[in-house]
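Read through the structure below, which is laid out as structure tokens, and then see the notes.
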Amino acid sequence: MKSQQLAPTKQSEPEKVDAYIRGLTHPLANVVESLRKIISSTDPEIGEEIKWNAPAFFYAGEMKPFNPKEYKRHIAVFNLHQKDCISYFPAEPV
């Protein structure tokens, strides 16, 4: 019987998120930064990146194998297209 291998870890890109936030002109940029700090501080295995032109947060550790199209690694992706709010897309429970 073939043993299942864990899915590899995913590399966090905080320097790209830092640069993105430095250039962010959204009226709620301070809220974006506060939410980023809260999410990142909840678990050391939460990584971050820029996805769909906004901050995104994901589990960076090893995981059981899964179909990449299921997006099980991502926790939340912000949507900053509207100027009066910050939308986010939560991941479905694993």
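Order determines the names: the first chain of the structure tokens is A, the second B, and so forth; residues in each chain are numbered 1 upward, and ligands are numbered 1 upward as they are shown.
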Give me every strand (DSSP E) residue in range 12-71 of chain A, going by DSSP on the backbone, as an mmCIF file with C-alpha atoms, in the first residue's frame.
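So part06.cif came out as:
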```cif
data_model
loop_
_atom_site.group_PDB
_atom_site.id
_atom_site.type_symbol
_atom_site.label_atom_id
_atom_site.label_comp_id
_atom_site.auth_asym_id
_atom_site.auth_seq_id
_atom_site.Cartn_x
_atom_site.Cartn_y
_atom_site.Cartn_z
ATOM 1 C CA ILE A 46 -0.050 31.491 8.903
ATOM 2 C CA GLY A 47 1.683 32.857 5.825
ATOM 3 C CA GLU A 48 0.806 35.803 3.657
ATOM 4 C CA GLU A 49 1.085 36.811 0.038
ATOM 5 C CA ILE A 50 -0.477 39.080 -2.557
ATOM 6 C CA LYS A 51 -3.198 37.221 -4.451
ATOM 7 C CA ALA A 54 -4.773 42.098 -2.338
ATOM 8 C CA PRO A 55 -3.363 40.550 0.850
ATOM 9 C CA ALA A 56 -4.106 36.850 1.267
ATOM 10 C CA PHE A 57 -3.463 34.555 4.245
ATOM 11 C CA PHE A 58 -2.834 30.836 4.185
ATOM 12 C CA TYR A 59 -1.657 27.890 6.262
#
```
Give me every alpha helix (DSSP H) residue in chain A, going by DSSP on the backbone, as a PyMOL selection string.
-> chain A and resi 14-22+29-41
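Taking CA of Val77 in chain A as the reference point, CA of Leu35 in chain A is found at 11.5 Å.
The gap separating CA of Ser34 in chain A from CA of Thr9 in chain A is 25.8 Å, in Å to one decimal.
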Do you have the CA of Ile86 in chain A-CA of Leu28 in chain A distance handy?
-> 7.6 Å
